[in-house]
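Shown next: structure-v5.txt, given as compact mmCIF, C-alpha atoms.
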```txt
# COMPACT_ATOMS: atom_id res chain seq x y z
CA MET A 137 -77.75 86.23 -13.93
CA LYS A 138 -78.10 85.78 -10.16
CA ARG A 139 -78.92 82.08 -10.61
CA LYS A 140 -75.84 81.64 -12.77
CA THR A 141 -73.67 83.42 -10.21
CA ILE A 142 -75.07 81.28 -7.38
CA ALA A 143 -74.53 78.13 -9.43
CA LEU A 144 -70.93 79.07 -10.16
CA PHE A 145 -70.39 79.85 -6.48
CA LEU A 146 -71.72 76.45 -5.42
CA VAL A 147 -69.56 74.68 -7.99
CA GLY A 148 -66.54 76.58 -6.77
CA LEU A 149 -67.36 75.80 -3.14
CA ALA A 150 -67.74 72.10 -3.88
CA ALA A 151 -64.40 72.08 -5.68
CA ALA A 152 -62.73 73.83 -2.77
CA VAL A 153 -64.16 71.36 -0.24
CA SER A 154 -63.05 68.42 -2.39
CA ALA A 155 -59.57 69.87 -2.63
CA VAL A 156 -59.38 70.25 1.14
CA PHE A 157 -60.35 66.61 1.75
CA ALA A 158 -58.08 65.39 -1.05
CA GLY A 159 -55.15 67.10 0.63
CA ALA A 160 -56.11 66.07 4.16
CA GLN A 161 -53.93 63.59 6.00
CA VAL A 162 -55.56 60.31 7.05
CA THR A 163 -54.46 58.39 10.13
CA LEU A 164 -53.37 54.76 10.26
CA LYS A 165 -53.07 53.21 13.73
CA VAL A 166 -50.74 50.23 13.87
CA GLY A 167 -49.96 48.19 16.99
CA ALA A 168 -46.44 46.78 17.33
CA THR A 169 -43.89 45.47 19.78
CA SER A 170 -40.98 47.85 20.11
CA VAL A 171 -37.99 46.04 18.55
CA PRO A 172 -37.78 45.72 15.62
CA HIS A 173 -41.41 46.27 14.61
CA ALA A 174 -41.99 49.78 15.94
CA GLU A 175 -38.50 50.79 14.80
CA ILE A 176 -39.24 49.67 11.24
CA LEU A 177 -42.63 51.39 11.26
CA ASN A 178 -41.16 54.65 12.52
CA PHE A 179 -38.48 54.40 9.83
CA ILE A 180 -41.10 54.41 7.06
CA ALA A 181 -43.45 56.93 8.70
CA PRO A 182 -42.06 59.87 6.66
CA ASP A 183 -42.66 57.96 3.41
CA LEU A 184 -46.29 57.39 4.33
CA ALA A 185 -46.67 61.00 5.47
CA ALA A 186 -45.57 62.07 1.99
CA GLN A 187 -48.57 60.07 0.69
CA GLY A 188 -50.95 61.79 3.10
CA ILE A 189 -50.99 58.97 5.66
CA LYS A 190 -50.15 59.79 9.28
CA LEU A 191 -48.75 56.59 10.79
CA GLU A 192 -49.53 56.29 14.49
CA VAL A 193 -47.46 53.53 16.05
CA ILE A 194 -48.89 52.13 19.30
CA GLU A 195 -46.40 49.98 21.20
CA PHE A 196 -47.30 46.83 23.13
CA SER A 197 -45.17 44.66 25.38
CA ASP A 198 -47.08 41.39 25.00
CA TYR A 199 -48.38 39.03 22.31
CA VAL A 200 -52.06 39.03 23.33
CA THR A 201 -53.30 42.62 23.46
CA PRO A 202 -52.40 43.69 19.89
CA ASN A 203 -54.74 41.12 18.30
CA ILE A 204 -57.57 41.89 20.72
CA ALA A 205 -57.17 45.63 20.09
CA LEU A 206 -57.21 45.05 16.33
CA ALA A 207 -60.33 42.89 16.49
CA GLU A 208 -62.05 45.55 18.62
CA LYS A 209 -61.16 48.23 16.06
CA GLN A 210 -58.85 50.14 18.36
CA LEU A 211 -56.19 49.60 15.67
CA ASP A 212 -56.21 49.51 11.88
CA ALA A 213 -53.46 46.88 11.72
CA ASN A 214 -50.79 45.22 13.81
CA PHE A 215 -47.24 44.07 13.17
CA PHE A 216 -45.65 41.79 15.77
CA GLN A 217 -46.40 38.11 15.07
CA HIS A 218 -45.80 35.24 12.69
CA LEU A 219 -48.50 33.36 10.78
CA PRO A 220 -48.64 30.17 12.91
CA TYR A 221 -49.20 32.32 16.01
CA LEU A 222 -51.92 34.36 14.30
CA GLN A 223 -53.73 31.26 13.07
CA THR A 224 -53.71 29.61 16.49
CA PHE A 225 -54.64 32.75 18.40
CA ALA A 226 -57.43 33.74 15.99
CA ALA A 227 -58.91 30.24 16.07
CA GLU A 228 -58.87 30.08 19.88
CA ARG A 229 -60.38 33.57 20.30
CA LYS A 230 -62.66 33.36 17.24
CA LEU A 231 -61.14 36.50 15.73
CA SER A 232 -61.50 37.41 12.07
CA LEU A 233 -57.97 38.53 11.19
CA GLU A 234 -55.73 37.95 8.19
CA SER A 235 -52.16 38.41 7.01
CA VAL A 236 -51.37 41.03 4.37
CA ALA A 237 -47.60 40.73 3.91
CA ALA A 238 -44.58 38.87 5.30
CA VAL A 239 -41.85 41.29 6.32
CA HIS A 240 -39.05 39.63 8.28
CA VAL A 241 -37.90 36.68 10.35
CA GLU A 242 -36.61 37.16 13.88
CA PRO A 243 -34.51 34.05 14.45
CA LEU A 244 -35.34 32.32 17.72
CA GLY A 245 -32.23 31.60 19.76
CA LEU A 246 -30.93 29.86 22.87
CA TYR A 247 -29.06 32.22 25.21
CA SER A 248 -27.13 31.71 28.43
CA LYS A 249 -25.33 33.89 30.96
CA LYS A 250 -23.71 30.90 32.65
CA TYR A 251 -22.31 28.79 29.82
CA LYS A 252 -20.40 29.42 26.60
CA LYS A 253 -21.55 26.22 24.88
CA VAL A 254 -24.64 24.06 25.08
CA SER A 255 -22.40 21.05 25.64
CA ASP A 256 -21.40 22.66 28.96
CA PHE A 257 -24.98 22.53 30.29
CA PRO A 258 -25.01 20.02 33.20
CA VAL A 259 -27.30 17.02 33.20
CA GLY A 260 -30.70 18.04 34.59
CA SER A 261 -30.25 21.73 33.75
CA THR A 262 -33.31 23.94 33.38
CA ILE A 263 -34.02 25.60 30.02
CA ALA A 264 -36.72 28.28 29.82
CA ILE A 265 -38.92 28.32 26.73
CA PRO A 266 -41.93 30.39 25.57
CA ASN A 267 -45.26 29.20 26.97
CA ASP A 268 -47.57 30.14 24.06
CA PRO A 269 -48.44 27.18 21.79
CA THR A 270 -46.69 28.19 18.59
CA ASN A 271 -43.50 29.59 20.11
CA GLU A 272 -43.15 26.68 22.51
CA GLY A 273 -43.32 24.31 19.57
CA ARG A 274 -40.90 26.49 17.65
CA ALA A 275 -38.42 26.42 20.55
CA LEU A 276 -38.63 22.64 20.89
CA ILE A 277 -38.20 22.17 17.14
CA LEU A 278 -35.05 24.32 17.31
CA LEU A 279 -33.66 22.21 20.17
CA GLN A 280 -34.48 19.03 18.25
CA ALA A 281 -32.83 20.37 15.09
CA LYS A 282 -29.66 20.98 17.11
CA GLY A 283 -29.69 17.47 18.61
CA LEU A 284 -30.61 18.27 22.22
CA ILE A 285 -33.94 16.43 22.29
CA LYS A 286 -36.19 14.32 20.08
CA LEU A 287 -39.92 14.86 19.55
CA LYS A 288 -42.70 12.51 18.51
CA PRO A 289 -42.77 12.27 14.68
CA ASP A 290 -46.29 13.73 14.58
CA ALA A 291 -45.71 16.52 17.11
CA GLY A 292 -46.02 19.26 14.49
CA LEU A 293 -45.51 23.00 14.87
CA GLU A 294 -47.37 23.09 18.18
CA ALA A 295 -45.24 20.52 19.96
CA THR A 296 -45.15 20.70 23.76
CA VAL A 297 -42.81 19.25 26.38
CA ARG A 298 -45.18 16.26 26.53
CA ASP A 299 -44.09 15.39 22.97
CA ILE A 300 -40.44 14.90 23.97
CA VAL A 301 -39.52 11.23 23.54
CA ASP A 302 -35.76 11.48 23.99
CA ASN A 303 -33.94 13.85 26.35
CA PRO A 304 -30.40 12.48 26.84
CA LYS A 305 -29.27 15.16 29.31
CA LYS A 306 -32.59 15.14 31.18
CA PHE A 307 -33.15 18.85 30.68
CA VAL A 308 -36.04 20.38 32.62
CA PHE A 309 -38.13 22.80 30.58
CA LYS A 310 -39.71 25.80 32.26
CA GLU A 311 -42.54 27.44 30.29
CA ILE A 312 -42.49 31.23 30.64
CA GLU A 313 -44.31 34.12 28.95
CA ALA A 314 -42.17 35.23 26.02
CA PRO A 315 -41.55 38.84 27.20
CA GLN A 316 -40.20 37.54 30.53
CA LEU A 317 -37.66 35.10 29.09
CA PRO A 318 -34.63 37.45 29.13
CA ARG A 319 -35.17 37.94 32.87
CA THR A 320 -34.82 34.21 33.53
CA LEU A 321 -31.19 34.03 32.43
CA ASP A 322 -29.81 34.49 35.95
CA ASP A 323 -31.80 31.52 37.19
CA VAL A 324 -31.57 28.90 34.43
CA ALA A 325 -28.88 27.28 32.30
CA GLY A 326 -30.37 28.84 29.18
CA SER A 327 -33.47 30.45 27.70
CA VAL A 328 -34.93 30.19 24.22
CA ILE A 329 -35.84 33.79 23.43
CA ASN A 330 -37.78 35.33 20.55
CA GLY A 331 -35.63 37.58 18.37
CA ASN A 332 -37.47 40.80 19.19
CA TYR A 333 -37.13 40.32 22.95
CA ALA A 334 -33.48 39.33 22.56
CA LEU A 335 -32.78 42.53 20.62
CA GLN A 336 -34.78 44.58 23.10
CA SER A 337 -32.63 43.17 25.91
CA GLY A 338 -29.41 44.17 24.19
CA PHE A 339 -28.41 40.83 22.67
CA ASN A 340 -27.06 40.43 19.16
CA PRO A 341 -28.64 37.12 18.10
CA VAL A 342 -25.83 36.26 15.71
CA GLN A 343 -23.04 36.93 18.21
CA ASP A 344 -24.66 36.12 21.55
CA SER A 345 -26.85 33.06 20.97
CA LEU A 346 -25.63 29.52 21.51
CA LEU A 347 -28.16 28.17 19.00
CA LEU A 348 -30.04 30.15 16.34
CA GLU A 349 -32.71 29.50 13.72
CA GLY A 350 -31.71 29.98 10.11
CA GLY A 351 -33.21 32.43 7.63
CA GLU A 352 -35.23 29.53 6.17
CA SER A 353 -37.55 29.66 9.19
CA PRO A 354 -41.28 29.57 8.30
CA TYR A 355 -41.99 32.03 11.10
CA ALA A 356 -41.94 35.29 9.15
CA ASN A 357 -43.44 38.26 10.98
CA ILE A 358 -46.48 39.66 9.19
CA LEU A 359 -48.65 42.72 8.78
CA VAL A 360 -52.16 41.81 10.01
CA VAL A 361 -55.59 43.41 9.52
CA ARG A 362 -59.23 42.49 10.05
CA LYS A 363 -60.52 40.18 7.31
CA GLY A 364 -61.81 42.08 4.31
CA GLU A 365 -59.71 45.19 4.94
CA ALA A 366 -56.49 44.21 3.18
CA ASN A 367 -57.39 46.34 0.16
CA ASP A 368 -57.76 49.53 2.17
CA PRO A 369 -55.48 52.01 0.30
CA ARG A 370 -53.77 52.91 3.59
CA ILE A 371 -52.99 49.25 4.29
CA GLN A 372 -51.73 48.70 0.76
CA ALA A 373 -49.45 51.72 1.06
CA LEU A 374 -48.11 50.40 4.38
CA ALA A 375 -47.55 46.90 3.00
CA LYS A 376 -45.69 48.31 0.00
CA ALA A 377 -43.47 50.44 2.25
CA LEU A 378 -42.73 47.54 4.61
CA THR A 379 -41.57 45.31 1.74
CA SER A 380 -39.49 47.93 -0.07
CA GLU A 381 -35.78 47.77 -0.86
CA LYS A 382 -35.37 50.68 1.55
CA VAL A 383 -36.68 48.56 4.42
CA ARG A 384 -34.63 45.56 3.30
CA ASP A 385 -31.47 47.66 3.51
CA PHE A 386 -32.54 49.11 6.87
CA ILE A 387 -33.09 45.63 8.33
CA LEU A 388 -29.77 44.28 7.09
CA LYS A 389 -27.73 47.29 8.20
CA THR A 390 -29.48 47.84 11.53
CA TYR A 391 -29.85 44.32 12.90
CA LYS A 392 -26.83 42.64 11.30
CA GLY A 393 -28.42 39.20 10.97
CA GLY A 394 -30.54 39.43 14.11
CA VAL A 395 -33.49 40.14 11.83
CA VAL A 396 -33.72 38.69 8.31
CA PRO A 397 -35.88 40.11 5.46
CA ALA A 398 -38.61 37.71 4.34
CA PHE A 399 -39.26 39.34 0.94
```

Encoding of this model in structure tokens:
Amino acid sequence: MKRKTIALFLVGLAAAVSAVFAGAQVTLKVGATSVPHAEILNFIAPDLAAQGIKLEVIEFSDYVTPNIALAEKQLDANFFQHLPYLQTFAAERKLSLESVAAVHVEPLGLYSKKYKKVSDFPVGSTIAIPNDPTNEGRALILLQAKGLIKLKPDAGLEATVRDIVDNPKKFVFKEIEAPQLPRTLDDVAGSVINGNYALQSGFNPVQDSLLLEGGESPYANILVVRKGEANDPRIQALAKALTSEKVRDFILKTYKGGVVPAF
């Protein structure tokens, strides 16, 4: 009888422990730049909490640290970059990272505090552009698409100022770290600014830019994890939430064309 009672007690204890762990909340640490990435993550945090996942959003102000922190397991995922940037950065740093889902495009735009139209830029004007390989190429491709310059036919997505073969107005290009570009507007004719930093600085890309990428841009911002961890149930839940109709509506209503859903 005593053995049976003990056995029943142990079974009951095991069931109780299992129930506690089953109901416990797990944490998911995601690195992000503040606008719009952290805003979108914080928007879906309650939905993940309802699934037992506590979303901890860690904000960064640059494009380098989030990937290093992810590779060093300080984060479970990050959400701030597009695929060409990830591929270049991971190859250069020998990091084993991969994309899980494409969420949105932040159209790159040319902004100016001094001129209302690009045609008003004087000959020899200075234009600031991002200095990282993929975003510099992206900026130059935008300027070529709008007829300001011409690049070598084989320049590709990582074009640099050295690939410019035609520059009718003799623009001077100043390569600046992406987060600093909004601060250059007092000193240059114009700056090509990433969508998140434009929004963060109070610009409406649709209304305030002189030139703007279209929604067909291949530079969709992605959810990134360490290779082999995409099937983690927490990551899958996050990816599903980030590509939901709820998030689509949030993006469209909140950013009014300054951010475009990529799903």

Using only C-alpha atoms, which of A:Ile265, A:Leu293, A:Ala160, A:Asn367 sits nearest Gln187 in chain A?
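So, comparing all the options, the nearest one is A:Ala160.
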
With distances taken over only C-alpha atoms, which of A:Glu195, A:Glu234, A:Asp344, A:Asp302 is nearest to Tyr221 in chain A?
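Once distances to Tyr221 in chain A are computed over only C-alpha atoms, the minimum belongs to A:Glu234.
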
List as a PyMOL selection string the protein and nucleic acid residues near Ile277 in chain A, meaning an atom at most 9 Å away when all atoms listed in the file are counted, but skip any in the same chain fewer than 6 places from it.
chain A and resi 285-287+292-293+295

Applying 6 Å and all atoms listed in the file, which residues near range 240-251 of chain A remain after dropping the ones on its own chain fewer than 3 positions away? List them as a ChimeraX atom specification.
/A:326-331,345-349,356-357,395-398

Restricting the calculation to only C-alpha atoms, which member of A:Leu279, A:Leu222, A:Ile263, A:Ile204 is positioned closest to Leu321 in chain A?
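Of A:Leu279, A:Leu222, A:Ile263, A:Ile204, the one nearest Leu321 in chain A, counting only C-alpha atoms, is A:Ile263.
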
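The interatomic distance for the pair CA of Leu378 in chain A and CA of Glu228 in chain A works out to 28.3 Å.
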
Rounded to one decimal in Å, what is the spacing between CA of Tyr391 in chain A and CA of Ser337 in chain A?
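Separation of CA of Tyr391 in chain A and CA of Ser337 in chain A: 13.4 Å.
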
Could you tell me how far CA of Ala237 in chain A sits from CA of Gly350 in chain A, in Å to one decimal place?
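Rounded to one decimal, the two atoms are 20.2 Å apart.
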